[in-house]
Structures are given as C-alpha cells and as structure tokens.
$ cat run_4.cif   # mmCIF, C-alpha atoms
data_input
#
loop_
_atom_site.label_atom_id
_atom_site.label_comp_id
_atom_site.auth_asym_id
_atom_site.auth_seq_id
_atom_site.Cartn_x
_atom_site.Cartn_y
_atom_site.Cartn_z
CA MET A 285 74.21 -61.48 -27.50
CA ASP A 286 76.51 -59.46 -29.71
CA PRO A 287 79.99 -59.59 -28.04
CA SER A 288 80.79 -55.99 -29.08
CA ILE A 289 77.97 -54.70 -26.86
CA ILE A 290 79.21 -54.37 -23.30
CA VAL A 291 76.11 -53.09 -21.55
CA ASP A 292 72.59 -53.35 -22.90
CA VAL A 293 70.46 -50.48 -21.60
CA THR A 294 66.73 -50.67 -22.00
CA GLY A 295 64.11 -48.21 -20.85
CA ASN A 296 63.96 -44.46 -20.97
CA LEU A 297 67.23 -42.53 -20.79
CA ASN A 298 65.26 -39.38 -19.86
CA THR A 299 64.83 -40.77 -16.37
CA ILE A 300 68.60 -40.65 -15.81
CA GLY A 301 68.66 -37.16 -17.30
CA TYR A 302 66.06 -35.98 -14.83
CA GLY A 303 67.98 -37.58 -11.97
CA LEU A 304 71.07 -35.61 -12.97
CA ALA A 305 69.04 -32.42 -13.36
CA ALA A 306 67.67 -32.76 -9.82
CA ILE A 307 71.10 -32.87 -8.15
CA GLY A 308 71.96 -29.19 -8.56
CA PRO A 309 68.63 -27.71 -7.45
CA GLY A 310 68.56 -30.20 -4.56
CA ILE A 311 71.88 -28.94 -3.26
CA GLY A 312 70.80 -25.36 -3.92
CA VAL A 313 67.54 -25.65 -1.99
CA GLY A 314 69.42 -27.34 0.85
CA ILE A 315 71.93 -24.50 1.08
CA VAL A 316 69.19 -21.85 0.96
CA ALA A 317 67.14 -23.50 3.71
CA GLY A 318 70.19 -24.29 5.86
CA LYS A 319 71.54 -20.76 5.68
CA THR A 320 68.11 -19.39 6.54
CA VAL A 321 67.98 -21.55 9.66
CA GLU A 322 71.45 -20.28 10.57
CA ALA A 323 70.39 -16.68 10.07
CA MET A 324 67.18 -17.18 12.05
CA ALA A 325 69.17 -18.66 14.91
CA ARG A 326 71.36 -15.57 14.96
CA GLN A 327 68.53 -13.07 14.66
CA PRO A 328 65.18 -14.61 15.60
CA GLU A 329 63.47 -11.21 15.36
CA LEU A 330 64.05 -11.19 11.58
CA ALA A 331 62.55 -14.67 11.10
CA GLY A 332 59.54 -13.42 9.09
CA ARG A 333 61.57 -11.46 6.54
CA LEU A 334 64.14 -14.21 6.25
CA GLN A 335 61.44 -16.74 5.52
CA VAL A 336 60.06 -14.63 2.66
CA THR A 337 63.53 -14.32 1.17
CA MET A 338 64.05 -18.05 1.63
CA PHE A 339 60.94 -18.87 -0.37
CA LEU A 340 62.10 -16.53 -3.13
CA GLY A 341 65.49 -18.22 -3.26
CA ILE A 342 63.95 -21.68 -3.23
CA ALA A 343 61.56 -20.71 -6.03
CA PHE A 344 64.48 -19.79 -8.27
CA ALA A 345 66.55 -22.87 -7.47
CA GLU A 346 63.58 -25.19 -7.75
CA LEU A 347 62.68 -23.95 -11.22
CA LEU A 348 65.72 -25.71 -12.69
CA ALA A 349 64.49 -29.06 -11.38
CA PHE A 350 61.10 -28.41 -12.92
CA ILE A 351 62.65 -27.57 -16.28
CA GLY A 352 64.30 -30.98 -15.95
CA VAL A 353 60.86 -32.54 -15.59
CA ALA A 354 59.64 -30.69 -18.68
CA LEU A 355 62.59 -31.95 -20.70
CA PHE A 356 61.84 -35.46 -19.44
CA PHE A 357 58.55 -35.27 -21.31
CA LEU A 358 59.84 -33.36 -24.33
CA GLY A 359 62.91 -35.49 -25.00
CA MET B 171 36.30 -55.52 -8.90
CA VAL B 172 35.58 -54.24 -12.39
CA SER B 173 33.32 -51.55 -11.01
CA THR B 174 36.21 -50.28 -8.88
CA ALA B 175 38.30 -49.89 -12.02
CA THR B 176 35.64 -47.96 -13.91
CA LEU B 177 34.97 -45.84 -10.85
CA ALA B 178 38.67 -45.03 -10.59
CA ALA B 179 38.66 -44.12 -14.27
CA HIS B 180 35.67 -41.82 -13.81
CA LEU B 181 37.33 -40.12 -10.89
CA GLY B 182 40.37 -39.50 -13.04
CA PHE B 183 42.77 -41.67 -11.07
CA VAL B 184 43.66 -43.65 -14.16
CA THR B 185 43.13 -42.74 -17.80
CA SER B 186 42.78 -46.19 -19.27
CA THR B 187 39.84 -48.40 -18.42
CA HIS B 188 41.04 -51.54 -20.15
CA ASP B 189 42.06 -54.14 -17.59
CA ASP B 190 44.60 -56.10 -19.59
CA GLY B 191 46.68 -56.96 -16.55
CA GLU B 192 49.44 -54.55 -17.60
CA PHE B 193 50.71 -51.59 -15.63
CA HIS B 194 49.99 -48.24 -17.31
CA PRO B 195 52.22 -45.45 -16.06
CA PRO B 196 50.71 -41.96 -16.48
CA THR B 197 51.49 -40.06 -19.67
CA LEU B 198 50.94 -36.52 -20.88
CA ALA B 199 47.63 -37.70 -22.36
CA GLU B 200 46.43 -37.26 -18.77
CA PHE B 201 46.24 -33.52 -19.39
CA PHE B 202 44.37 -33.66 -22.69
CA PRO B 203 41.15 -35.52 -21.95
CA PRO B 204 38.53 -35.85 -24.68
CA ALA B 205 36.13 -32.96 -25.18
CA ILE B 206 32.75 -33.23 -23.52
CA PHE B 207 30.86 -30.09 -24.62
CA PHE B 208 30.72 -28.08 -27.86
CA GLU B 209 33.10 -30.37 -29.69
CA GLY B 210 34.58 -28.87 -32.84
CA THR B 211 33.78 -25.25 -31.92
CA PRO B 212 36.18 -22.67 -30.47
CA PHE B 213 34.32 -23.12 -27.16
CA GLU B 214 35.25 -26.78 -26.93
CA MET B 215 35.31 -27.84 -23.29
CA ASN B 216 36.95 -30.81 -21.69
CA ARG B 217 36.97 -32.00 -18.11
CA ILE B 218 39.75 -29.62 -17.07
CA VAL B 219 37.97 -26.50 -18.33
CA LEU B 220 34.90 -27.63 -16.40
CA VAL B 221 37.05 -28.06 -13.28
CA ARG B 222 38.40 -24.52 -13.66
CA LEU B 223 34.92 -23.07 -14.01
CA LEU B 224 33.83 -25.00 -10.92
CA ALA B 225 36.82 -23.69 -8.96
CA VAL B 226 36.06 -20.09 -9.93
CA ALA B 227 32.36 -20.52 -9.13
CA ALA B 228 33.19 -22.03 -5.73
CA LEU B 229 35.62 -19.18 -4.98
CA LEU B 230 33.08 -16.50 -5.90
CA LEU B 231 30.31 -18.25 -3.97
CA LEU B 232 32.42 -18.66 -0.83
CA PHE B 233 33.47 -15.00 -0.81
CA TYR B 234 29.91 -13.91 -1.59
CA ILE B 235 28.47 -15.92 1.29
CA ALA B 236 31.20 -14.79 3.67
CA LEU B 237 31.03 -11.09 2.80
CA ARG B 238 27.35 -10.71 1.90
CA ARG B 239 26.53 -8.72 5.00
CA THR B 240 29.66 -7.29 6.54
CA THR B 241 29.27 -6.17 10.10
CA ARG B 242 31.52 -4.36 12.51
CA VAL B 243 31.61 -7.42 14.76
CA PRO B 244 32.36 -10.11 12.15
CA GLY B 245 30.55 -13.42 12.08
CA ARG B 246 32.21 -16.75 11.44
CA GLY B 247 32.37 -16.57 7.64
CA GLN B 248 33.45 -12.96 7.62
CA THR B 249 36.25 -13.69 10.10
CA ILE B 250 37.67 -16.44 7.90
CA ALA B 251 37.46 -14.30 4.75
CA GLU B 252 39.09 -11.38 6.56
CA MET B 253 41.87 -13.62 7.85
CA ALA B 254 42.53 -14.91 4.33
CA ILE B 255 42.69 -11.45 2.81
CA ASP B 256 44.70 -10.20 5.76
CA PHE B 257 47.25 -12.92 5.07
CA VAL B 258 47.76 -11.63 1.53
CA LYS B 259 47.82 -8.03 2.72
CA VAL B 260 50.21 -8.43 5.66
CA GLN B 261 52.41 -11.35 4.61
CA ILE B 262 52.83 -10.52 0.93
CA VAL B 263 51.72 -7.09 -0.18
CA ASP B 264 52.64 -4.83 2.73
CA GLN B 265 55.86 -6.65 3.41
CA ILE B 266 57.12 -6.25 -0.16
CA LEU B 267 55.41 -3.12 -1.45
CA GLY B 268 54.79 -1.16 1.76
CA GLU B 269 51.49 0.36 2.90
CA LYS B 270 51.21 3.08 0.24
CA ASP B 271 51.91 1.14 -2.96
CA GLY B 272 50.43 -1.97 -1.42
CA ARG B 273 46.97 -0.41 -1.27
CA ARG B 274 46.97 0.10 -5.06
CA PHE B 275 48.03 -3.43 -5.93
CA LEU B 276 46.24 -5.40 -3.21
CA PRO B 277 43.12 -6.13 -5.34
CA LEU B 278 45.17 -7.52 -8.21
CA LEU B 279 47.50 -9.57 -6.03
CA ALA B 280 44.71 -10.89 -3.81
CA ALA B 281 42.71 -11.95 -6.87
CA MET B 282 45.83 -13.65 -8.19
CA PHE B 283 46.47 -15.47 -4.92
CA PHE B 284 42.94 -16.76 -4.44
CA GLY B 285 42.45 -17.58 -8.12
CA ILE B 286 45.61 -19.66 -8.24
CA LEU B 287 44.85 -21.27 -4.89
CA ALA B 288 41.34 -22.28 -5.94
CA MET B 289 42.58 -23.80 -9.19
CA ASN B 290 45.50 -25.56 -7.48
CA ILE B 291 43.33 -27.09 -4.77
CA THR B 292 41.17 -28.89 -7.32
CA GLY B 293 44.14 -31.21 -7.88
CA ILE B 294 43.45 -33.05 -4.62
CA ILE B 295 39.67 -32.82 -4.39
CA PRO B 296 38.25 -36.32 -5.00
CA GLY B 297 36.13 -36.34 -8.13
CA LEU B 298 37.93 -33.39 -9.72
CA ASN B 299 41.47 -34.72 -9.37
CA ILE B 300 43.20 -32.32 -11.69
CA ALA B 301 44.61 -28.90 -10.96
CA GLY B 302 43.09 -26.21 -13.18
CA THR B 303 46.56 -24.68 -13.38
CA SER B 304 48.16 -27.82 -14.82
CA ILE B 305 47.43 -26.76 -18.41
CA PHE B 306 49.73 -24.12 -19.81
CA ILE B 307 47.25 -21.36 -20.54
CA VAL B 308 46.12 -20.63 -16.97
CA PRO B 309 49.58 -19.93 -15.51
CA VAL B 310 50.32 -17.88 -18.64
CA VAL B 311 47.25 -15.71 -18.07
CA PHE B 312 48.20 -15.11 -14.43
CA ALA B 313 51.82 -14.40 -15.38
CA LEU B 314 50.71 -11.96 -18.09
CA ALA B 315 48.56 -10.14 -15.52
CA GLY B 316 51.63 -9.78 -13.30
CA TYR B 317 53.78 -8.74 -16.28
CA ILE B 318 51.37 -6.03 -17.39
CA ALA B 319 51.06 -4.87 -13.77
CA PHE B 320 54.78 -4.38 -13.23
CA VAL B 321 55.42 -2.71 -16.59
CA TYR B 322 52.40 -0.43 -16.05
CA ALA B 323 53.46 0.37 -12.49
CA GLY B 324 56.99 1.25 -13.56
CA ILE B 325 55.95 3.41 -16.51
CA LYS B 326 53.35 5.23 -14.42
CA GLN B 327 55.84 5.87 -11.63
CA HIS B 328 58.87 6.94 -13.67
CA GLY B 329 57.70 7.54 -17.24
CA GLY B 330 58.64 5.20 -20.05
CA LEU B 331 62.24 6.23 -20.67
CA ARG B 332 63.37 6.32 -17.05
CA PHE B 333 61.65 3.03 -16.29
CA PHE B 334 63.62 1.25 -19.00
CA LYS B 335 66.79 3.02 -17.94
CA ASN B 336 66.23 1.92 -14.33
CA GLN B 337 65.55 -1.64 -15.37
CA LEU B 338 68.36 -2.06 -17.89
CA PHE B 339 71.26 -0.05 -16.45
CA LEU B 340 72.28 -1.23 -13.02
CA PRO B 341 73.76 1.48 -10.80
CA GLY B 342 77.37 1.34 -9.68
CA VAL B 343 78.65 -0.56 -12.70
CA PRO B 344 81.57 0.77 -14.79
CA TRP B 345 80.05 2.08 -18.02
CA PRO B 346 81.64 -0.34 -20.55
CA MET B 347 79.98 -3.21 -18.69
CA HIS B 348 76.56 -1.91 -19.75
CA PHE B 349 77.15 -3.26 -23.26
CA ILE B 350 77.06 -6.75 -21.75
CA LEU B 351 74.68 -6.21 -18.86
CA ALA B 352 71.90 -4.28 -20.59
CA PRO B 353 70.97 -7.09 -23.02
CA VAL B 354 71.16 -9.61 -20.19
CA GLU B 355 68.88 -7.47 -18.06
CA LEU B 356 66.52 -6.96 -20.99
CA LEU B 357 66.27 -10.71 -21.44
CA ASN B 358 65.93 -11.29 -17.70
CA VAL B 359 63.31 -8.67 -16.92
CA PHE B 360 61.05 -8.78 -19.95
CA ILE B 361 61.31 -12.35 -21.18
CA VAL B 362 62.58 -14.72 -18.52
CA ARG B 363 60.41 -13.31 -15.71
CA PRO B 364 56.94 -14.07 -17.13
CA ILE B 365 58.08 -17.37 -18.63
CA SER B 366 59.65 -18.59 -15.40
CA LEU B 367 56.62 -17.49 -13.39
CA SER B 368 54.24 -19.49 -15.53
CA LEU B 369 56.56 -22.49 -15.95
CA ARG B 370 57.10 -22.82 -12.20
CA LEU B 371 53.40 -22.99 -11.45
CA LEU B 372 52.54 -25.20 -14.42
CA LEU B 373 55.24 -27.79 -13.81
CA ASN B 374 54.63 -27.93 -10.07
CA MET B 375 51.01 -28.79 -10.54
CA MET B 376 51.69 -31.11 -13.48
CA VAL B 377 54.30 -33.13 -11.62
CA GLY B 378 52.12 -33.31 -8.52
CA HIS B 379 49.26 -34.74 -10.56
CA LEU B 380 51.51 -37.26 -12.29
CA LEU B 381 52.92 -38.45 -8.96
CA LEU B 382 49.42 -38.94 -7.55
CA VAL B 383 48.34 -40.85 -10.65
CA LEU B 384 51.48 -42.98 -10.48
CA CYS B 385 50.82 -43.92 -6.84
CA PHE B 386 47.14 -44.72 -7.31
CA ALA B 387 47.59 -46.45 -10.66
CA ALA B 388 50.27 -48.65 -9.10
CA THR B 389 47.96 -49.45 -6.19
CA HIS B 390 45.17 -50.28 -8.61
CA PHE B 391 47.52 -52.52 -10.59
CA LEU B 392 48.99 -54.30 -7.58
CA PHE B 393 45.69 -54.92 -5.80
CA ILE B 394 43.22 -55.47 -8.61
CA THR B 395 44.32 -55.83 -12.22
CA GLY B 396 47.76 -57.38 -11.82
CA GLU B 397 47.85 -61.13 -12.46
CA GLY B 398 50.26 -63.69 -11.05
CA LEU B 399 51.87 -61.23 -8.66
CA GLY B 400 51.35 -63.37 -5.58
CA PHE B 401 53.08 -61.97 -2.54
CA ALA B 402 54.36 -58.95 -4.49
CA SER B 403 50.91 -57.40 -4.49
CA ALA B 404 51.48 -56.52 -0.82
CA PHE B 405 53.60 -53.63 -2.12
CA GLY B 406 50.27 -52.03 -2.98
CA VAL B 407 49.99 -51.04 0.69
CA LEU B 408 53.15 -48.96 0.31
CA THR B 409 51.98 -47.26 -2.88
CA LEU B 410 48.60 -46.54 -1.29
CA ILE B 411 50.24 -44.92 1.73
CA GLY B 412 52.54 -43.06 -0.65
CA GLY B 413 49.55 -41.75 -2.54
CA ILE B 414 47.86 -40.53 0.62
CA VAL B 415 51.04 -38.82 1.82
CA MET B 416 51.48 -37.23 -1.61
CA THR B 417 47.92 -35.89 -1.40
CA VAL B 418 48.81 -34.09 1.83
CA ILE B 419 52.03 -32.77 0.28
CA GLU B 420 50.07 -31.59 -2.76
CA PHE B 421 47.86 -29.53 -0.47
CA ALA B 422 50.96 -27.81 0.92
CA VAL B 423 52.33 -27.33 -2.61
CA ALA B 424 49.06 -25.76 -3.76
CA LEU B 425 49.27 -23.20 -0.96
CA LEU B 426 53.00 -22.61 -1.42
CA GLN B 427 52.81 -22.11 -5.17
CA ALA B 428 49.96 -19.59 -4.88
CA TYR B 429 52.04 -17.80 -2.24
CA ILE B 430 55.26 -17.82 -4.28
CA PHE B 431 53.53 -16.69 -7.47
CA THR B 432 51.93 -13.73 -5.70
CA LEU B 433 55.12 -12.96 -3.81
CA LEU B 434 57.23 -12.87 -6.98
CA SER B 435 54.68 -10.70 -8.77
CA ALA B 436 54.80 -8.30 -5.81
CA VAL B 437 58.61 -8.29 -5.89
CA TYR B 438 58.62 -7.50 -9.60
CA ILE B 439 56.17 -4.62 -9.09
CA GLN B 440 58.32 -3.35 -6.22
CA GLN B 441 61.46 -3.45 -8.36
CA SER B 442 59.85 -1.41 -11.11
CA VAL B 443 58.43 1.29 -8.80
CA ALA B 444 61.60 1.54 -6.68
CA GLU B 445 63.67 4.70 -7.17
CA GLU B 446 67.02 3.09 -7.75
CA HIS B 447 67.01 -0.35 -9.31
#

$ encode --input "run_4.cif" --output "structure tokens"
Amino acid sequence: MDPSIIVDVTGNLNTIGYGLAAIGPGIGVGIVAGKTVEAMARQPELAGRLQVTMFLGIAFAELLAFIGVALFFLG
Amino acid sequence: MVSTATLAAHLGFVTSTHDDGEFHPPTLAEFFPPAIFFEGTPFEMNRIVLVRLLAVAALLLLFYIALRRTTRVPGRGQTIAEMAIDFVKVQIVDQILGEKDGRRFLPLLAAMFFGILAMNITGIIPGLNIAGTSIFIVPVVFALAGYIAFVYAGIKQHGGLRFFKNQLFLPGVPWPMHFILAPVELLNVFIVRPISLSLRLLLNMMVGHLLLVLCFAATHFLFITGEGLGFASAFGVLTLIGGIVMTVIEFAVALLQAYIFTLLSAVYIQQSVAEEH
C-alpha cells in the first residue's frame, strides 16, 4: 500500500452524505413532536388542532431529509 | 428454489432474475421497468402505469359499489364511504378552510386525498408492489391541481392585483424590508410550494419502495442465492422481519402522505382566500 495514503475509503460516499443530511431533520422532527406533546399536556382540549399543526411542521422538516435521499441518487 | 426466485422477480420484489450468488441492492432502475404495451408510441405503458390504472379503477369501483343506492339509513358499504369522506371533510377541509369555503373545495380535496391514497397503497399490495406515486409525474399532477386551485381561489376572492399584493407584501413589516421580502415570498409561494409538495410525496414513496426491496432482496440473497454463507444466512430472519415491519410502516406512510398532501393544499388555499396574509 502506498505509504502516503493514510485511510483507504471504498464504497459510496453518498451514504455518509445522506447520514449527515438526516441529522438536522431528525432533531427538527423530534423537537416538533416533543413540543406538541408538551402543549397537549397543558391543554388537552386543543389536542386535535395541535396535531394538525404538528403534521404540518413535521412535513416541512422531513422534506430536507428526503432531499438528502434524492441527492444520494443524483450524486 | 429457482422458481421462488422467478416468482419474486415477477412480483417485483427483485429486479434481476440472474442467480449469480451476488447480492444486488436496489437501484433507480427499479422505477423504470421495461415497457409492456404499445412500445415506441406516445402511449407506451409499463408496469407502473398499469398499476396506476388499476388503482384508479379499484377506487372508482369501490365508491360506485358503496354509493350506488344511497339510502337514509346507510348500509355497510355506504357507512364506510361516508366515514371516509367525513374524515376528509371534518379533519382536513372544515378545520382549515371553515364550513363556507370548505364546501367549495371539498370535491377537489377529497378527490386528491383518495387518488393519492389509492396510488400510495399499491406500494404494499402483493403482486403490484410499487406505489403509483413513486414516479415523478403523478405527484406533479396532483401538486399542479393544488397550485391552480389556490391561485384561482385567491384571484377569485380578491382580484388579481390584491391577491398578489396579499401574497407578496407581508403586513406589519417596515416598508424598506419589502425589497428583500417580496422576492423571497414570490419564490416561496409560487415556486417552492408546488415543487416541495410533489417532491415530498414522490420521495416518500420512492424511499419506502427501495427499503422494502432492500429487505426482501437481502432475505432472498441470504436464504436462497447466497453461497458459502453458512451460519450467516440466519440473518435472513432479521431482514425478513424487517421487511414485514416496513410493510406495516409503509401502510401508515401511505395514509399519512395522502393526509399531509391534502392538508397542505387546503392550507395554501386558505392562505390565498384569507383577508390579511
């Protein structure tokens, strides 16, 4: 092995890229869902409306992860 | 053993039929199967187009059977159909748009919900095994329907000029900020919205399909085609269980994505008919 090469990486680098891209949306979805649970605990009578808003928030955060998947295939 | 492999290939679990003892992870070729009818014409059909037509036919047939003779005291089929439409009306349309505007847009949004749901569900039906919405054009058509609906609703409600003013100039912002905010809003409302709507649905269904194929292809490899694996082939049990669990999750995703798509379309319509932005 060539001594100037320290680490030899084989395989698809896109996989690592997708892993990085999933961190942010993962945290985001967690915060959205957690805060919704908090809010529902405070005001159970608003649970229905809060749930709708939660799904909207999750949809926006989740999209970034899915763009990561798309770039996995494009790159 | 060989017949299992060809059967799996026919069912769409794996794309490649050659049993060379190698593992074949799923690729994007999964979504572009060879044409089966009318090859070389503009009406060229492949397996996925056929699946979409089947989904639409099944949807129409189910609603026709359920609502053929509507009675005041509903029968079994009618009750289920009414519950389904009531879900769209109460949970999505009325909650976002309110009773008055909701009545106008219920047909469009209900058609959107059930159309997307029917085409999503095909992803987990054995024998079909691909979501009709996992090719770009179907989500784009649904997103365009929503796009046209919210632009039309806004222009009809406010007139062209005021609609664009409402959409582009946020209230309560110091006026020099509009030079920055108006282009951002223009980009957000008229370009990012339809693209993000269609991308979200497309990629959800695409990724779900790829995960299922990955699980079942790995099971197929570990149990049947893989050579010299020895004890390691026991991992096939895990991938098989994973595949079954993913199938259940895919069912939830199919419902959720139809719901979110319709919900966001309703929200966009609401934002363009609302008085203040």

$ closest_residue --input "run_4.cif" --among "B:Ile419, B:Val443, B:Leu298, B:Leu367" --to "chain A" --atoms "only C-alpha atoms"
B:Leu367

$ closest_atom_pairs --input "run_4.cif" --of "region 286-370 of chain B" --to "region 332-344 of chain A" --cutoff "12 Å" --atoms "all atoms listed in the file" --output "Markdown table"
| residue | atom | partner | partner_atom | distance |
| --- | --- | --- | --- | --- |
| B:Val362 | CA | A:Phe344 | CA | 11.6 |
| B:Arg363 | CA | A:Phe344 | CA | 10.7 |
| B:Ser366 | CA | A:Phe344 | CA | 8.7 |
| B:Leu367 | CA | A:Ala343 | CA | 9.4 |
| B:Leu369 | CA | A:Ala343 | CA | 11.3 |
| B:Arg370 | CA | A:Ala343 | CA | 7.9 |

$ interface_residues --input "run_4.cif" --of "chain B" --to "chain A" --cutoff "8 Å" --atoms "only C-alpha atoms" --output "short mmCIF file (atom, residue, chain, number, x, y, z; two decimals) with C-alpha atoms, in the coordinates of the input"
data_model
loop_
_atom_site.label_atom_id
_atom_site.label_comp_id
_atom_site.auth_asym_id
_atom_site.auth_seq_id
_atom_site.Cartn_x
_atom_site.Cartn_y
_atom_site.Cartn_z
CA LEU B 198 50.94 -36.52 -20.88
CA SER B 366 59.65 -18.59 -15.40
CA LEU B 369 56.56 -22.49 -15.95
CA ARG B 370 57.10 -22.82 -12.20
CA LEU B 373 55.24 -27.79 -13.81
CA ASN B 374 54.63 -27.93 -10.07
CA VAL B 377 54.30 -33.13 -11.62
CA ILE B 430 55.26 -17.82 -4.28
CA LEU B 433 55.12 -12.96 -3.81
CA LEU B 434 57.23 -12.87 -6.98
#

$ atom_distance --input "run_4.cif" --atom1 "CA of Asp292 (chain A)" --atom2 "CA of Leu358 (chain A)"
23.8 Å

$ resolve_selection --input "run_4.cif" --expression "the PyMOL selection byres ((chain B and resi 404) around 12)" --output "JSON, numbers by chain"
{"B": [388, 389, 390, 391, 392, 393, 394, 396, 399, 400, 401, 402, 403, 405, 406, 407, 408, 409, 410, 411]}

$ write_last_selection --input "run_4.cif" --atoms "C-alpha atoms" --output "CSV table (one decimal), keeping the file's coordinate frame"
chain,number,residue,atom,x,y,z
B,388,ALA,CA,50.3,-48.6,-9.1
B,389,THR,CA,48.0,-49.4,-6.2
B,390,HIS,CA,45.2,-50.3,-8.6
B,391,PHE,CA,47.5,-52.5,-10.6
B,392,LEU,CA,49.0,-54.3,-7.6
B,393,PHE,CA,45.7,-54.9,-5.8
B,394,ILE,CA,43.2,-55.5,-8.6
B,396,GLY,CA,47.8,-57.4,-11.8
B,399,LEU,CA,51.9,-61.2,-8.7
B,400,GLY,CA,51.4,-63.4,-5.6
B,401,PHE,CA,53.1,-62.0,-2.5
B,402,ALA,CA,54.4,-59.0,-4.5
B,403,SER,CA,50.9,-57.4,-4.5
B,405,PHE,CA,53.6,-53.6,-2.1
B,406,GLY,CA,50.3,-52.0,-3.0
B,407,VAL,CA,50.0,-51.0,0.7
B,408,LEU,CA,53.2,-49.0,0.3
B,409,THR,CA,52.0,-47.3,-2.9
B,410,LEU,CA,48.6,-46.5,-1.3
B,411,ILE,CA,50.2,-44.9,1.7

$ resolve_selection --input "run_4.cif" --expression "the PyMOL selection byres ((chain B and resi 420) around 9)" --output "PDB file with C-alpha atoms, keeping the file's coordinate frame"
ATOM      1  CA  ASN B 290      45.500 -25.560  -7.480  1.00  0.00           C
ATOM      2  CA  ILE B 291      43.330 -27.090  -4.770  1.00  0.00           C
ATOM      3  CA  GLY B 293      44.140 -31.210  -7.880  1.00  0.00           C
ATOM      4  CA  ILE B 294      43.450 -33.050  -4.620  1.00  0.00           C
ATOM      5  CA  MET B 375      51.010 -28.790 -10.540  1.00  0.00           C
ATOM      6  CA  GLY B 378      52.120 -33.310  -8.520  1.00  0.00           C
ATOM      7  CA  HIS B 379      49.260 -34.740 -10.560  1.00  0.00           C
ATOM      8  CA  LEU B 382      49.420 -38.940  -7.550  1.00  0.00           C
ATOM      9  CA  VAL B 415      51.040 -38.820   1.820  1.00  0.00           C
ATOM     10  CA  MET B 416      51.480 -37.230  -1.610  1.00  0.00           C
ATOM     11  CA  THR B 417      47.920 -35.890  -1.400  1.00  0.00           C
ATOM     12  CA  VAL B 418      48.810 -34.090   1.830  1.00  0.00           C
ATOM     13  CA  ILE B 419      52.030 -32.770   0.280  1.00  0.00           C
ATOM     14  CA  PHE B 421      47.860 -29.530  -0.470  1.00  0.00           C
ATOM     15  CA  ALA B 422      50.960 -27.810   0.920  1.00  0.00           C
ATOM     16  CA  VAL B 423      52.330 -27.330  -2.610  1.00  0.00           C
ATOM     17  CA  ALA B 424      49.060 -25.760  -3.760  1.00  0.00           C
ATOM     18  CA  LEU B 425      49.270 -23.200  -0.960  1.00  0.00           C
TER      19      LEU B 425
END

$ residues_around --input "run_4.cif" --residues "Asn296 (chain A)" --least-positions-apart "3" --cutoff "10 Å" --atoms "only C-alpha atoms" --output "PyMOL selection string"
chain A and resi 293+299-301+356+359

$ residues_around --input "run_4.cif" --residues "region 284-287 of chain B" --least-positions-apart "5" --cutoff "12 Å" --atoms "all atoms listed in the file" --output "PyMOL selection string"
chain B and resi 222-230+232-233+251+254-255+257-258+276-279+292-294+301-304+308-313+368+371-372+375+420-432

$ atom_distance --input "run_4.cif" --atom1 "CA of Ile300 (chain B)" --atom2 "CA of Ala436 (chain B)"
27.3 Å

$ atom_distance --input "run_4.cif" --atom1 "CA of Gly324 (chain B)" --atom2 "CA of Met347 (chain B)"
24.0 Å

$ closest_residue --input "run_4.cif" --among "A:Leu355, A:Met324, A:Ala331, A:Ala345" --to "Ile311 (chain A)" --atoms "all atoms listed in the file"
A:Ala345

$ build_atoms --input "run_4.cif" --residues "region 242-258 of chain B" --atoms "N, CA and C atoms" --output "mmCIF file, in the coordinates of the input"
data_model
loop_
_atom_site.group_PDB
_atom_site.id
_atom_site.type_symbol
_atom_site.label_atom_id
_atom_site.label_comp_id
_atom_site.auth_asym_id
_atom_site.auth_seq_id
_atom_site.Cartn_x
_atom_site.Cartn_y
_atom_site.Cartn_z
ATOM 1 N N ARG B 242 30.356 -4.838 11.760
ATOM 2 C CA ARG B 242 31.520 -4.360 12.510
ATOM 3 C C ARG B 242 32.077 -5.467 13.406
ATOM 4 N N VAL B 243 31.173 -6.226 14.019
ATOM 5 C CA VAL B 243 31.610 -7.420 14.760
ATOM 6 C C VAL B 243 31.418 -8.597 13.820
ATOM 7 N N PRO B 244 32.522 -9.116 13.220
ATOM 8 C CA PRO B 244 32.360 -10.110 12.150
ATOM 9 C C PRO B 244 31.833 -11.435 12.639
ATOM 10 N N GLY B 245 31.020 -12.066 11.788
ATOM 11 C CA GLY B 245 30.550 -13.420 12.080
ATOM 12 C C GLY B 245 31.618 -14.429 11.713
ATOM 13 N N ARG B 246 31.203 -15.714 11.688
ATOM 14 C CA ARG B 246 32.210 -16.750 11.440
ATOM 15 C C ARG B 246 32.800 -16.655 10.035
ATOM 16 N N GLY B 247 31.906 -16.610 9.029
ATOM 17 C CA GLY B 247 32.370 -16.570 7.640
ATOM 18 C C GLY B 247 33.215 -15.345 7.370
ATOM 19 N N GLN B 248 32.729 -14.211 7.875
ATOM 20 C CA GLN B 248 33.450 -12.960 7.620
ATOM 21 C C GLN B 248 34.835 -12.999 8.251
ATOM 22 N N THR B 249 34.941 -13.611 9.439
ATOM 23 C CA THR B 249 36.250 -13.690 10.100
ATOM 24 C C THR B 249 37.232 -14.480 9.255
ATOM 25 N N ILE B 250 36.767 -15.608 8.704
ATOM 26 C CA ILE B 250 37.670 -16.440 7.900
ATOM 27 C C ILE B 250 38.096 -15.692 6.650
ATOM 28 N N ALA B 251 37.122 -15.043 5.965
ATOM 29 C CA ALA B 251 37.460 -14.300 4.750
ATOM 30 C C ALA B 251 38.426 -13.172 5.061
ATOM 31 N N GLU B 252 38.189 -12.496 6.199
ATOM 32 C CA GLU B 252 39.090 -11.380 6.560
ATOM 33 C C GLU B 252 40.475 -11.897 6.875
ATOM 34 N N MET B 253 40.550 -13.058 7.550
ATOM 35 C CA MET B 253 41.870 -13.620 7.850
ATOM 36 C C MET B 253 42.619 -13.959 6.571
ATOM 37 N N ALA B 254 41.882 -14.514 5.584
ATOM 38 C CA ALA B 254 42.530 -14.910 4.330
ATOM 39 C C ALA B 254 43.065 -13.688 3.606
ATOM 40 N N ILE B 255 42.234 -12.644 3.521
ATOM 41 C CA ILE B 255 42.690 -11.450 2.810
ATOM 42 C C ILE B 255 43.787 -10.751 3.591
ATOM 43 N N ASP B 256 43.678 -10.810 4.916
ATOM 44 C CA ASP B 256 44.700 -10.200 5.760
ATOM 45 C C ASP B 256 46.044 -10.884 5.562
ATOM 46 N N PHE B 257 46.000 -12.199 5.324
ATOM 47 C CA PHE B 257 47.250 -12.920 5.070
ATOM 48 C C PHE B 257 47.942 -12.351 3.835
ATOM 49 N N VAL B 258 47.169 -12.178 2.750
ATOM 50 C CA VAL B 258 47.760 -11.630 1.530
ATOM 51 C C VAL B 258 48.263 -10.213 1.779
#
